[in-house]
Structure formats: structure tokens, C-alpha cells
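A short write-up of the structure that comes next.
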Amino acid sequence: MEAGGLVAAPSPPVAVRPGRQSTAAWPLADRIGYWLCWATGVALCLIAVGIVVFMLVKGISYLRPALFVEHPSASLHQSQSGGFLDPIEGTLIITAIGTLIAAPTGVALAVWMSEYGRPTPLARAVESAIDVIAGVPSIVLAIFGLLVFSESFLGFLSQNAANGSVYGRSFFAAGIIMSLIALPLIVGSTREALTQIPDRVREASYALGKSRASTIRWVLLPSIRPDIASGIALGMGRIIGDTAIITILLGFTLTTQGVGHAPVLGTLRGTGSTLTSYVYYNSPAGEGNAPQKAYAAAFVLLMLVLLLNALVTRLTVGRSSNRVGLLRVLGFWRLPWTR
Amino acid sequence: MQRRSGRREDQRAERTLGALAVGLLVLIGAIVVTVFVNAWPSFSSNGLSWFGPGGDVRTQLTAMQDSTPLPGHSLEYFRAWPLIWGTLLTTVLAVALALIVSTLAAIFLTEFAPPSVRRALEPVIRLLAGVPSVVYGLIGILALAPLINQHLISNGRRESVAGVVQLNGADLTTATVILAVMITPIMVALIAGALASVPAPWREGSMALGVNRWRTIVRVSLRTARPAIVAATVLATARALGEAIMLSMVSGGSPFAANPLDGLTFLFEPVQPLAATIVRQAEGLTIAALAHTVYAMSAVLLVSAALLSFAGWAAKQPLKRYGIRA
């Protein structure tokens with residue numbers, strides 16, 4: 001403001017917010033409501049802080065550098081059950097496969113919906129299809145995946161059992177189904193960003209003789225890169241955090257078990273674990289039951305997810321108003337009141 | 001010349017992208033058809049009583065695993081009521097709890113919170129939404145369940161149901177509380193978004209008439225945002241219904257139908273919802289009868305999710321009337 005100098009900067013329209021009004025004059029019931037609101041807000045903060053502190057304390061107290069480089073092994077003693085090198089590898093592989101499939105598909109679908117969208121009934125159907133995919137529990141997608149990848153013609157994506165049946169569980173299978181849960185997020189963020197580009201930008205490009213396709217490729221997509229990136233980061237967060245698909249489609253071997261001798265392809269056709277399935281395995285609900293390992297791995301997992309969250313926040317903050325930002329980061333673009 | 005090639009390029013791009021869109025529809029169709037075709041044997045051999053009560057789910061599933069039919073029944077014999085009851089209980093209770101909490105939190109976020117507090121609360125909600133369900137499950141089973149087990153379940157209560165079920169803290173309360181924490185962020189985000197988009201003149205008009213802020217919020221803002229609250233509830237229900245991993249971790253692994261006739265003890269009895277059961281049976285899917293049963297459970301979840309997403313769409317329609325673009 002001091003730097004305003006000679007020309008007074010036009011002040012932005014100030015949202016009318018009544019000043020802090022004393023609640024003393026309110027009826028008792030209203031005051032109770034007011035304080036309940038405060039209590040809930042504070043309670044939510046406390047829960048979040050509680051979760052982070054709890055995981056931090058438990059995680060750091062059980063985390064050893066050696067855990068990152070040792071292979072896991074099944075053992076009754078927590079001191080002999082190794083680290084989580086393989087699960088970390090698994091998480092990276094699954095995230096890579098899922099993102100590599102979901103990102104181009106998601107962007108392409110969003111472009112089609114917002115730039116072409118003909119015939120209209122088809123566009124509506126695709127819109128609700130994406131809604132349905134976003135709403136279907138991931139466990140159901142996983143079950144569907146198991147059925148599909150057990151078909152004999154998809155045997156090259158996993159391994160054949162001795163009796164000729166297809167196992168249907170592999171990094172490929174899990175990664176491909178994972179791409180489905182990331183898809184709605186990427187489509188949502190891309191589409192929302194595309195609809196916010198004013199039409200004059202497109203018209204200017206057409207006026208210069210560019211075709212629609214090249215306008216999309218060289219004008220529209222480059223201008224929404226941060227939105228696409230935040231959609232992808234959100235999708236990655238979803239993939240990293242999902243356990244249901246892993247437990248059903250990755251075969252649940254503790255270590256990465258390749259098929260045959262092909263170096264990369266063999267691993268991808270084989271089974272393994274990820275950080276999420278490792279936590280599940282080592283929790284009291286799983287077979288390993290080694291809480292210390294579970295805490296340590298869960299801590300690493302939480303840090304990964306928080307890192308991605310922070311990335312998304314960085315990408316979105318300053319590009320939209322704060323409240324819309326909150327919705328965005330949670331992955332809701334398609335709802336009417338966010339537009 | 002260049003123009004024509006541009007148009008051809010355009011057509012090609014549109015066709016390619018359109019094909020992708022059609023592919024997505026085919027995929028949805030494939031999901032529905034595959035799941036139902038594989039679920040059919042279980043439904044057809046049990047009829048509508050598939051949804052009904054009768055017998056112990058665990059013995060039925062074990063019978064399928066061992067391929068030895070229960071005496072007097074076919075191998076596919078299955079009565080899912082305890083699981084459906086578990087799903088209903090956890091979902092309804094968690095959504096009810098989350099609805100109250102998130103409405104209050106959304107009001108706080110949009111109306112009362114000073115800017116500094118709001119800046120702190122938004123990352124908090126993001127964080128709660130971002131924590132993976134397996135971490136929630138771990139916290140539930142290793143922190144909350146022992147706490148409830150030690151402090152809330154008295155020995156008398158434990159003995160009162162000792163012959164039927166073992167109370168160990170992995171119970172309805174733990175499941176509900178954690179599930180509520182998991183779905184609260186979505187609901188807060190949606191309700192806060194709707195509250196923020198209530199036209200300011202409406203609230204100002206109310207306040208100009210001397211109505212205090214709280215009443216204005218309740219009478220004007222909340223009422224306007226009602227469709228959004230319904231939509232948020234529906235979305236959160238879908239999320240709660242499909243939550244598998246966390247519930248499978250805290251459900252104690254026993255498909256028990258918690259009985260409301262047990263009084264308060266009811267809250268400390270284990271439950272196991274449908275989705276959690278699917279996770280627990282995941283390893284036995286090579287056995288045909290068990291697989292059919294599990295696919296039948298998935299089919300139920302799939303239909304519920306589809307119905308809920310339709311309900312969510314229907315709930316949002318009234319917002320159009322307020323001129324909020326839909």
C-alpha cells in the first residue's frame with residue numbers, strides 16, 4: 001500500500017463480511033450453536049494434529065535407515081523380518097504404470113469432452129461414466145480386474161499357472177486398474193481448466209489459420225499445464241494410498257517376484273507388494289503382525305502422500321480463490337457450485 | 001492446401017478422441033456385465049434369500065473354501081444379512097456423525113473462523129482427506145481399539161455376551177468413528193463450497209432485518225445450501241459404503257451381526273461390512289463357489305454405488321432453481 005505512490009491502486013471489491021459482532025446479546029440456543037461450531041473446528045484440527053504426531057512419534061521411533069535397503073522376509077521376529085525395499089519399489093512401479101496410462105487418457109478424454117463433445121448424448125454418457133468410475137468402490141474395480149486379467153488372452157500380462165490357467169495378478173494388472181481410480185481426477189482438473197479458458201483465445205488462434213487440433217495442442221494444453229500437473233499429482237496420491245486393488249491384484253507376495261528371465265518385463269508380469277499392502281500385511285489384521293514395521297512403513301507412506309498434497313497446493317494456490325481451492329485439492333471439480 | 005490438411009487433421013483428432021470416449025463407455029459396460037455374469041450363480045441358487053438372514057456367514061464361507069456343502073444345503077448356500085447389516089450400520093452411523101460434524105465445521109469455516117484460523121483449517125481438511133485408508137486402519141486397530149477395549153468396555157459387559165461374541169475393541173464404535181473421520185473432509189468441502197456460494201444479498205437482507213448471524217446462517221444459508229448438503233451426504237455414503245481396507249482392519253475379522261437388543265453393548269460388538277469381507281476372502285477366489293459369492297457381494301456394492309451417484313445427481317438439481325449454474 002505504501003508503494004502506491006501517486007496513483008491510488010483501484011481497490012478490489014471487498015467481500016462484505018460483518019465485523020466481529022458480540023454474541024452476548026444472542027439467545028442462549030444461538031450462542032450454543034456458535035460455540036459448537038468453534039468446538040468442531042478446533043476438534044478437527046486436534047484430530048489431524050493427533051494423527052500426524054502419533055504417526056510421527058511411532059514412525060520415527062521404529063524407522064531405521066536399514067529398513068530402506070533390506071528386502072522383507074516372513075519371520076515371526078520383528079528383528080528378522082527385514083525392511084521394505086521391495087514395497088517401496090512396488091509403490092514406485094505401480095504409481096508409474098498407473099500414471100503413464102491415466103495421464104494421457106485422462107487429458108484426451110477431457111479435451112474431447114470440452115472441445116468436441118459431439119454427439120451430445122455421447123458426451124453426457126461419458127460424463128456420467130466418469131462419475132460412475134469415481135463412485136465405484138476400488139474393491140469392485142479390483143474384483144473386475146481379476147476377472148479380466150485371468151482371461152487366457154491376457155495371459156501375457158501376468159503368469160500362467162502349471163495347469164494352464166492364468167494367474168491374473170501382476171504389476172501390470174494392478175497398475176492398469178489403478179489408472180482407473182486416477183482417471184476421474186485427471187479428467188476433472190483438465191476439463192475444469194479448459195472450460196475456464198475464454199473463447200477469445202481459441203478464436204484468436206483460429207483467426208491465425210490454426211486448425212482446432214493444433215490450437216488444442218499448441219495453445220490450450222500448454223496454458224493449463226499446472227492444472228494437468230495438479231490433477232496428475234492428485235491421481236498419484238490416490239494410487240499410492242490405495243490398498244484394496246493391491247491386495248487383490250498384486251498377488252500379495254512380500255518380495256518382488258518376477259516371471260521368467262526378462263529383466264523389466266518379467267518384474268512387471270510378476271507379483272510383489274507396495275507400501276500399503278506391506279502396512280496391511282504387518283498390521284494385526286494381516287499375517288505378518290509386526291506393528292513396528294507397519295508403523296515405520298505407514299510413516300513413509302504418509303510422508304509421501306503429504307508431499308504430493310503439498311505439491312498440489314503449490315500448483316493450485318494463487319490460481320483460484322481459496323475456497324474453490326479447497327474443493328479442488330480434494331478432487332471435486334464437477335460439482336455445480338464449484339464452477 | 002494447408003487448410004484442407006488442417007481439417008483432415010481435425011477430423012482425425014476428433015475421431016481418435018471420440019473412440020477413446022466410446023472405449024470408456026464400453027469399459028463401464030464390461031465392468032457391470034462381467035461382475036453380474038459371475039455373480040449370477042450365487043444369486044440364482046439362493047434366490048432373494050441371499051439378502052436374508054440365516055446361519056453363520058463364516059461357516060458358510062468356510063464350507064465353500066473346503067468345497068464341502070453344509071448339510072442339507074447346496075455348495076453355494078449363502079445368507080448375506082449379517083454383512084449387509086454391518087454395512088448399513090457402519091455407513092449410516094458414520095454418515096450421521098460426519099453430517100453433524102461437517103455441517104458445523106463448514107459453518108465455522110465460512111462464517112466464524114478468523115482468517116488466520118481458516119488458513120490453518122484448510123490444510124487440516126486436506127490432510128484428513130489425504131491420509132490413506134490403510135493408515136487410518138492402522139491407527140484404528142493399534143490406537144483407538146485398545147483404548148476403547150481398556151476404558152469403555154467393562155468386564156461385566158464382556159461377560160454378558162461372552163458366549164456369543166468376544167469384545168476386544170475392534171468393534172462398531174471404532175469402525176464408525178474412524179469412518180466418520182475419513183468422510184468428514186469431503187462433506188466439509190462440499191458444504192463449505194455451497195455455503196460460500198449463497199448470494200450475499202440474501203444474508204445481508206436477513207441481517208438488515210435484525211436477525212442475528214447464527215439465525216441468518218440457519219434460516220438462509222443452510223436452507224439454500226440444502227441440496228448441497230444432501231449431495232454431500234450421498235457422496236459420503238458412497239465413499240463409506242465402498243471403504244474396504246480400513247473396515248477390514250478394524251472389524252475384528254468376525255462377520256457378526258451386532259444386535260441392537262443388547263443395549264449399549266451393541267456399540268462394542270464387532271461388525272463386518274460387505275467390502276471388508278471381499279478383502280478378507282480375496283485369497284480364495286480360485287474356488288468357484290466362493291468366487292461367485294464374492295462377485296455377488298461386489299454386484300451389490302456396484303448397484304448401490306450406481307444408485308447413489310444417480311441420487312447425488314438428482315439431489316443437485318434444485319440448485320439450478322437458485323441460479324447457481326449447474
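Simple scheme: letters A, B, ... for chains in C-alpha cells order, numbers from 1 for residues in each chain, numbers from 1 for ligands in the order shown.
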Residues of chain A within 7 Å of chain B, counting only C-alpha atoms, as number ranges by chain: A: 30, 34, 37-38, 40-41, 45, 48, 108-109, 112, 116, 126, 129, 132, 135-137, 139-140, 144, 211-213, 241-244, 248, 276, 280, 283, 285, 298, 302, 305, 323-324, 326-327, 330, 336-338
Dump of N, CA and C atoms for the selected residues, as a short mmCIF file (atom, residue, chain, number, x, y, z; two decimals), in the first residue's frame:
data_model
loop_
_atom_site.label_atom_id
_atom_site.label_comp_id
_atom_site.auth_asym_id
_atom_site.auth_seq_id
_atom_site.Cartn_x
_atom_site.Cartn_y
_atom_site.Cartn_z
N ASP A 30 -28.62 -19.87 20.28
CA ASP A 30 -27.75 -19.40 19.21
C ASP A 30 -26.30 -19.40 19.66
N TYR A 34 -23.06 -21.32 18.13
CA TYR A 34 -21.81 -20.63 17.80
C TYR A 34 -20.61 -21.35 18.41
N CYS A 37 -19.78 -24.67 16.79
CA CYS A 37 -19.01 -24.50 15.56
C CYS A 37 -17.53 -24.37 15.87
N TRP A 38 -17.23 -23.50 16.83
CA TRP A 38 -15.84 -23.35 17.22
C TRP A 38 -15.25 -24.68 17.69
N THR A 40 -16.11 -27.73 16.99
CA THR A 40 -15.88 -28.70 15.92
C THR A 40 -14.63 -28.33 15.13
N GLY A 41 -14.51 -27.03 14.81
CA GLY A 41 -13.33 -26.60 14.06
C GLY A 41 -12.06 -26.97 14.79
N CYS A 45 -8.97 -29.87 13.93
CA CYS A 45 -7.54 -29.57 13.95
C CYS A 45 -6.82 -30.53 14.88
N ALA A 48 -6.42 -33.98 13.39
CA ALA A 48 -5.36 -34.02 12.37
C ALA A 48 -3.99 -33.97 13.03
N ALA A 108 -6.82 -36.67 -22.75
CA ALA A 108 -7.51 -36.83 -24.04
C ALA A 108 -9.02 -36.82 -23.85
N LEU A 109 -9.49 -37.53 -22.84
CA LEU A 109 -10.94 -37.55 -22.59
C LEU A 109 -11.46 -36.16 -22.25
N TRP A 112 -11.62 -34.07 -25.33
CA TRP A 112 -12.76 -34.44 -26.17
C TRP A 112 -14.06 -33.88 -25.58
N TYR A 116 -14.70 -30.97 -28.13
CA TYR A 116 -15.52 -31.56 -29.20
C TYR A 116 -16.91 -31.88 -28.65
N VAL A 126 -20.50 -40.11 -21.41
CA VAL A 126 -19.12 -40.20 -20.94
C VAL A 126 -18.97 -39.49 -19.61
N ALA A 129 -20.28 -41.66 -17.09
CA ALA A 129 -19.39 -42.82 -16.94
C ALA A 129 -18.23 -42.48 -16.02
N VAL A 132 -19.42 -42.48 -12.57
CA VAL A 132 -19.59 -43.84 -12.05
C VAL A 132 -18.24 -44.41 -11.65
N GLY A 135 -17.24 -43.15 -8.48
CA GLY A 135 -18.05 -43.57 -7.35
C GLY A 135 -17.94 -45.03 -7.00
N VAL A 136 -17.52 -45.86 -7.96
CA VAL A 136 -17.45 -47.29 -7.70
C VAL A 136 -16.33 -47.58 -6.71
N PRO A 137 -16.59 -48.35 -5.68
CA PRO A 137 -15.54 -48.69 -4.72
C PRO A 137 -14.36 -49.36 -5.42
N ILE A 139 -12.53 -51.62 -4.52
CA ILE A 139 -12.51 -53.06 -4.35
C ILE A 139 -13.29 -53.76 -5.47
N VAL A 140 -14.36 -53.10 -5.93
CA VAL A 140 -15.15 -53.68 -7.02
C VAL A 140 -14.35 -53.62 -8.32
N PHE A 144 -13.21 -56.83 -10.61
CA PHE A 144 -13.40 -56.84 -12.05
C PHE A 144 -12.07 -57.09 -12.76
N SER A 211 -5.64 -24.93 -37.09
CA SER A 211 -6.79 -25.84 -37.02
C SER A 211 -7.15 -26.05 -35.55
N ARG A 212 -8.29 -26.68 -35.35
CA ARG A 212 -8.72 -26.95 -33.99
C ARG A 212 -7.72 -27.81 -33.24
N ALA A 213 -7.28 -28.87 -33.93
CA ALA A 213 -6.37 -29.81 -33.29
C ALA A 213 -5.09 -29.11 -32.88
N GLY A 241 -2.03 -44.39 -2.19
CA GLY A 241 -2.75 -44.71 -0.97
C GLY A 241 -3.68 -45.89 -1.06
N ASP A 242 -3.92 -46.40 -2.27
CA ASP A 242 -4.93 -47.45 -2.40
C ASP A 242 -4.38 -48.82 -2.02
N THR A 243 -5.15 -49.53 -1.23
CA THR A 243 -4.72 -50.86 -0.78
C THR A 243 -5.57 -51.96 -1.37
N ALA A 244 -6.86 -51.66 -1.59
CA ALA A 244 -7.79 -52.72 -1.99
C ALA A 244 -7.34 -53.36 -3.30
N ILE A 248 -5.81 -57.42 -3.95
CA ILE A 248 -6.45 -58.39 -4.83
C ILE A 248 -5.61 -58.64 -6.08
N THR A 276 1.48 -49.84 0.90
CA THR A 276 0.17 -50.02 1.53
C THR A 276 -0.08 -51.48 1.88
N TYR A 280 -0.57 -53.26 5.56
CA TYR A 280 -1.70 -54.14 5.83
C TYR A 280 -1.22 -55.50 6.33
N SER A 283 0.04 -55.26 9.86
CA SER A 283 -0.89 -54.83 10.90
C SER A 283 -1.48 -56.07 11.56
N ALA A 285 -4.28 -57.10 11.46
CA ALA A 285 -5.25 -57.75 10.59
C ALA A 285 -4.58 -58.67 9.58
N ALA A 298 4.06 -47.12 7.41
CA ALA A 298 2.93 -46.19 7.32
C ALA A 298 3.42 -44.75 7.39
N LEU A 302 2.73 -42.02 4.66
CA LEU A 302 2.07 -40.75 4.99
C LEU A 302 2.90 -39.57 4.48
N VAL A 305 2.44 -39.16 0.77
CA VAL A 305 1.15 -38.58 0.42
C VAL A 305 1.12 -37.09 0.76
N ARG A 323 -11.40 -20.85 -1.36
CA ARG A 323 -12.41 -21.84 -1.05
C ARG A 323 -12.56 -22.84 -2.17
N VAL A 324 -12.55 -22.33 -3.38
CA VAL A 324 -12.59 -23.25 -4.51
C VAL A 324 -11.36 -24.13 -4.47
N LEU A 326 -9.88 -25.36 -1.94
CA LEU A 326 -10.07 -26.48 -1.03
C LEU A 326 -10.79 -27.62 -1.75
N LEU A 327 -11.86 -27.26 -2.47
CA LEU A 327 -12.60 -28.28 -3.19
C LEU A 327 -11.74 -28.94 -4.24
N LEU A 330 -9.35 -31.50 -3.04
CA LEU A 330 -9.99 -32.75 -2.69
C LEU A 330 -10.52 -33.48 -3.90
N PRO A 336 -21.63 -28.47 -9.39
CA PRO A 336 -22.08 -27.20 -9.96
C PRO A 336 -21.59 -25.99 -9.20
N TRP A 337 -21.57 -26.05 -7.87
CA TRP A 337 -21.27 -24.83 -7.14
C TRP A 337 -19.77 -24.54 -7.09
N THR A 338 -18.97 -25.36 -7.70
CA THR A 338 -17.55 -25.03 -7.73
C THR A 338 -17.20 -24.30 -9.02
#
Residues near segment 87-93 of chain A, anyone? I mean within 7 Å using only C-alpha atoms, not counting same-chain ones fewer than 6 positions away, as a PyMOL selection string. chain A and resi 240+272-275+278
C-alpha atoms of the current selection, written as a CSV table (one decimal), in the first residue's frame:
chain,number,residue,atom,x,y,z
A,240,ILE,CA,-0.1,-44.6,-3.7
A,272,GLY,CA,5.1,-58.1,-5.3
A,273,SER,CA,4.0,-55.7,-2.7
A,274,THR,CA,3.6,-52.0,-2.1
A,275,LEU,CA,3.9,-49.8,1.0
A,278,TYR,CA,3.1,-54.0,3.4
Residue contacts of Ala142 of chain A (9 Å, only C-alpha atoms) excluding same-chain residues fewer than 3 positions away, as a list in words: Pro137, Ser138, Ile139, Gly145, Leu146, Leu147, Ala174, Ile177, Met178, Ala244, Ile245, Ile246, Thr247, Ile248 and Leu249 of chain A
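Restricting the calculation to only C-alpha atoms, the smallest distance between Phe256 of chain B and any of B:Ser206, B:Thr176, B:Thr87, B:Thr68 is found for B:Thr87.
The interatomic distance for the pair atom CA of Val107 of chain A and atom CA of Pro184 of chain A works out to 10.2 Å.
Using only C-alpha atoms, the nearest neighbour of Gly284 of chain B within the list B:Thr237, B:Thr62, B:Thr173, B:Ser42 is B:Thr62.
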Using DSSP assignments from the backbone, pull out every residue in segment 83-274 of chain A that falls under alpha helix (DSSP H) and give it to me as JSON, numbers by chain. {"A": [85, 86, 87, 88, 89, 90, 91, 92, 93, 94, 95, 96, 97, 98, 99, 100, 101, 102, 103, 104, 105, 106, 107, 108, 109, 110, 111, 120, 121, 122, 123, 124, 125, 126, 127, 128, 129, 130, 131, 132, 133, 134, 135, 138, 139, 140, 141, 142, 143, 144, 145, 146, 147, 148, 149, 171, 172, 173, 174, 175, 176, 177, 178, 179, 180, 181, 182, 183, 184, 185, 186, 187, 188, 189, 190, 191, 192, 193, 194, 195, 196, 199, 200, 201, 202, 203, 204, 205, 206, 207, 212, 213, 214, 215, 221, 222, 223, 225, 226, 227, 228, 229, 230, 231, 232, 233, 234, 235, 236, 237, 238, 239, 240, 241, 244, 245, 246, 247, 248, 249, 263, 264, 265, 266, 267, 268, 269]}
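The gap separating atom CA of Ile47 of chain A from atom CA of Ala258 of chain B is 27.4 Å, in Å to one decimal.
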Neighbouring residues of Arg157 of chain B were defined as those with any atom within 12 Å, considering only C-alpha atoms; residues of the same chain fewer than 4 positions away were excluded. Please report them as a PDB file with N, CA and C atoms, in the first residue's frame.
ATOM      1  N   ASN B 149     -11.080 -50.718  24.257  1.00  0.00           N
ATOM      2  CA  ASN B 149     -11.066 -52.001  24.940  1.00  0.00           C
ATOM      3  C   ASN B 149     -10.758 -51.825  26.422  1.00  0.00           C
ATOM      4  N   LEU B 152     -13.569 -48.361  27.894  1.00  0.00           N
ATOM      5  CA  LEU B 152     -15.003 -48.246  27.712  1.00  0.00           C
ATOM      6  C   LEU B 152     -15.756 -49.561  27.886  1.00  0.00           C
ATOM      7  N   ILE B 153     -15.060 -50.682  27.742  1.00  0.00           N
ATOM      8  CA  ILE B 153     -15.763 -51.952  27.857  1.00  0.00           C
ATOM      9  C   ILE B 153     -15.511 -52.538  29.242  1.00  0.00           C
ATOM     10  N   VAL B 161     -21.942 -61.036  27.066  1.00  0.00           N
ATOM     11  CA  VAL B 161     -22.095 -61.613  25.735  1.00  0.00           C
ATOM     12  C   VAL B 161     -21.003 -62.646  25.454  1.00  0.00           C
ATOM     13  N   ALA B 162     -20.323 -63.093  26.518  1.00  0.00           N
ATOM     14  CA  ALA B 162     -19.150 -63.942  26.327  1.00  0.00           C
ATOM     15  C   ALA B 162     -19.455 -65.195  25.511  1.00  0.00           C
ATOM     16  N   GLY B 163     -20.660 -65.748  25.704  1.00  0.00           N
ATOM     17  CA  GLY B 163     -20.982 -66.976  24.991  1.00  0.00           C
ATOM     18  C   GLY B 163     -21.205 -66.767  23.510  1.00  0.00           C
ATOM     19  N   VAL B 165     -20.105 -63.688  21.531  1.00  0.00           N
ATOM     20  CA  VAL B 165     -19.091 -62.974  20.769  1.00  0.00           C
ATOM     21  C   VAL B 165     -18.078 -62.378  21.735  1.00  0.00           C
ATOM     22  N   GLN B 166     -16.848 -62.233  21.261  1.00  0.00           N
ATOM     23  CA  GLN B 166     -15.799 -61.698  22.102  1.00  0.00           C
ATOM     24  C   GLN B 166     -15.622 -60.214  21.816  1.00  0.00           C
ATOM     25  N   LEU B 167     -15.648 -59.404  22.867  1.00  0.00           N
ATOM     26  CA  LEU B 167     -15.471 -57.974  22.670  1.00  0.00           C
ATOM     27  C   LEU B 167     -14.001 -57.630  22.858  1.00  0.00           C
ATOM     28  N   ASN B 168     -13.391 -57.012  21.862  1.00  0.00           N
ATOM     29  CA  ASN B 168     -11.973 -56.683  22.017  1.00  0.00           C
ATOM     30  C   ASN B 168     -11.620 -55.283  21.542  1.00  0.00           C
ATOM     31  N   ASP B 262     -29.070 -55.684  22.509  1.00  0.00           N
ATOM     32  CA  ASP B 262     -28.123 -55.839  23.602  1.00  0.00           C
ATOM     33  C   ASP B 262     -27.885 -54.535  24.354  1.00  0.00           C
ATOM     34  N   GLY B 263     -28.662 -53.504  24.055  1.00  0.00           N
ATOM     35  CA  GLY B 263     -28.457 -52.237  24.737  1.00  0.00           C
ATOM     36  C   GLY B 263     -27.148 -51.603  24.308  1.00  0.00           C
ATOM     37  N   LEU B 264     -26.468 -50.958  25.253  1.00  0.00           N
ATOM     38  CA  LEU B 264     -25.236 -50.240  24.923  1.00  0.00           C
ATOM     39  C   LEU B 264     -24.127 -51.169  24.437  1.00  0.00           C
ATOM     40  N   THR B 265     -24.179 -52.430  24.880  1.00  0.00           N
ATOM     41  CA  THR B 265     -23.161 -53.391  24.471  1.00  0.00           C
ATOM     42  C   THR B 265     -23.075 -53.486  22.950  1.00  0.00           C
ATOM     43  N   PHE B 266     -24.214 -53.253  22.320  1.00  0.00           N
ATOM     44  CA  PHE B 266     -24.333 -53.249  20.875  1.00  0.00           C
ATOM     45  C   PHE B 266     -23.218 -52.449  20.217  1.00  0.00           C
ATOM     46  N   LEU B 267     -22.888 -51.311  20.832  1.00  0.00           N
ATOM     47  CA  LEU B 267     -21.874 -50.442  20.239  1.00  0.00           C
ATOM     48  C   LEU B 267     -20.489 -51.067  20.267  1.00  0.00           C
ATOM     49  N   PHE B 268     -20.303 -52.088  21.112  1.00  0.00           N
ATOM     50  CA  PHE B 268     -18.967 -52.668  21.243  1.00  0.00           C
ATOM     51  C   PHE B 268     -18.880 -54.043  20.606  1.00  0.00           C
ATOM     52  N   GLU B 269     -19.910 -54.399  19.828  1.00  0.00           N
ATOM     53  CA  GLU B 269     -19.878 -55.694  19.154  1.00  0.00           C
ATOM     54  C   GLU B 269     -19.241 -55.547  17.783  1.00  0.00           C
TER      55      GLU B 269
END
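Neighbouring residues of Gln65 of chain B at 9 Å or closer, counting only C-alpha atoms and skipping chain neighbours under 6 positions away, are B:Gly284, B:Ile287, B:Ala289, B:Leu290.
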Compile the contact shell of His77 of chain A as a list in words: residues with an atom at most 10 Å away, counting only C-alpha atoms, same-chain residues fewer than 3 positions apart removed. Ala74, Gln80, Ser81, Gly82, Gly288, Asn289 and Ala290 of chain A
Just N, CA and C atoms for this one: save the residues we selected as an mmCIF file, in the first residue's frame.
data_model
loop_
_atom_site.group_PDB
_atom_site.id
_atom_site.type_symbol
_atom_site.label_atom_id
_atom_site.label_comp_id
_atom_site.auth_asym_id
_atom_site.auth_seq_id
_atom_site.Cartn_x
_atom_site.Cartn_y
_atom_site.Cartn_z
ATOM 1 N N ALA A 74 9.454 -63.128 5.557
ATOM 2 C CA ALA A 74 8.465 -63.545 6.538
ATOM 3 C C ALA A 74 9.183 -64.123 7.744
ATOM 4 N N GLN A 80 13.966 -59.871 12.492
ATOM 5 C CA GLN A 80 14.475 -60.636 11.355
ATOM 6 C C GLN A 80 13.624 -60.488 10.108
ATOM 7 N N SER A 81 12.544 -59.694 10.200
ATOM 8 C CA SER A 81 11.652 -59.681 9.050
ATOM 9 C C SER A 81 12.058 -58.665 7.985
ATOM 10 N N GLY A 82 13.271 -58.122 8.111
ATOM 11 C CA GLY A 82 13.795 -57.293 7.038
ATOM 12 C C GLY A 82 13.158 -55.927 6.951
ATOM 13 N N GLY A 288 1.507 -60.938 8.903
ATOM 14 C CA GLY A 288 2.821 -60.658 9.484
ATOM 15 C C GLY A 288 2.735 -60.236 10.936
ATOM 16 N N ASN A 289 1.766 -59.374 11.242
ATOM 17 C CA ASN A 289 1.570 -58.861 12.591
ATOM 18 C C ASN A 289 2.858 -58.363 13.232
ATOM 19 N N ALA A 290 3.487 -57.396 12.594
ATOM 20 C CA ALA A 290 4.665 -56.768 13.153
ATOM 21 C C ALA A 290 4.405 -55.270 13.205
#
Pick out the residues sitting within 9 Å of Pro53 of chain B, and hand them over as an mmCIF file with C-alpha atoms, in the first residue's frame; count only C-alpha atoms, and ignore anything fewer than 4 positions along from it in its own chain.
data_model
loop_
_atom_site.group_PDB
_atom_site.id
_atom_site.type_symbol
_atom_site.label_atom_id
_atom_site.label_comp_id
_atom_site.auth_asym_id
_atom_site.auth_seq_id
_atom_site.Cartn_x
_atom_site.Cartn_y
_atom_site.Cartn_z
ATOM 1 C CA SER B 49 -32.937 -65.073 0.460
ATOM 2 C CA ARG B 79 -27.111 -65.647 3.554
ATOM 3 C CA ALA B 80 -25.532 -62.213 3.484
ATOM 4 C CA TRP B 81 -27.688 -60.420 6.029
ATOM 5 C CA PRO B 82 -25.008 -60.063 8.757
#
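Atom pair atom CA of Arg223 of chain B / atom CA of Leu99 of chain B: separated by 15.0 Å.
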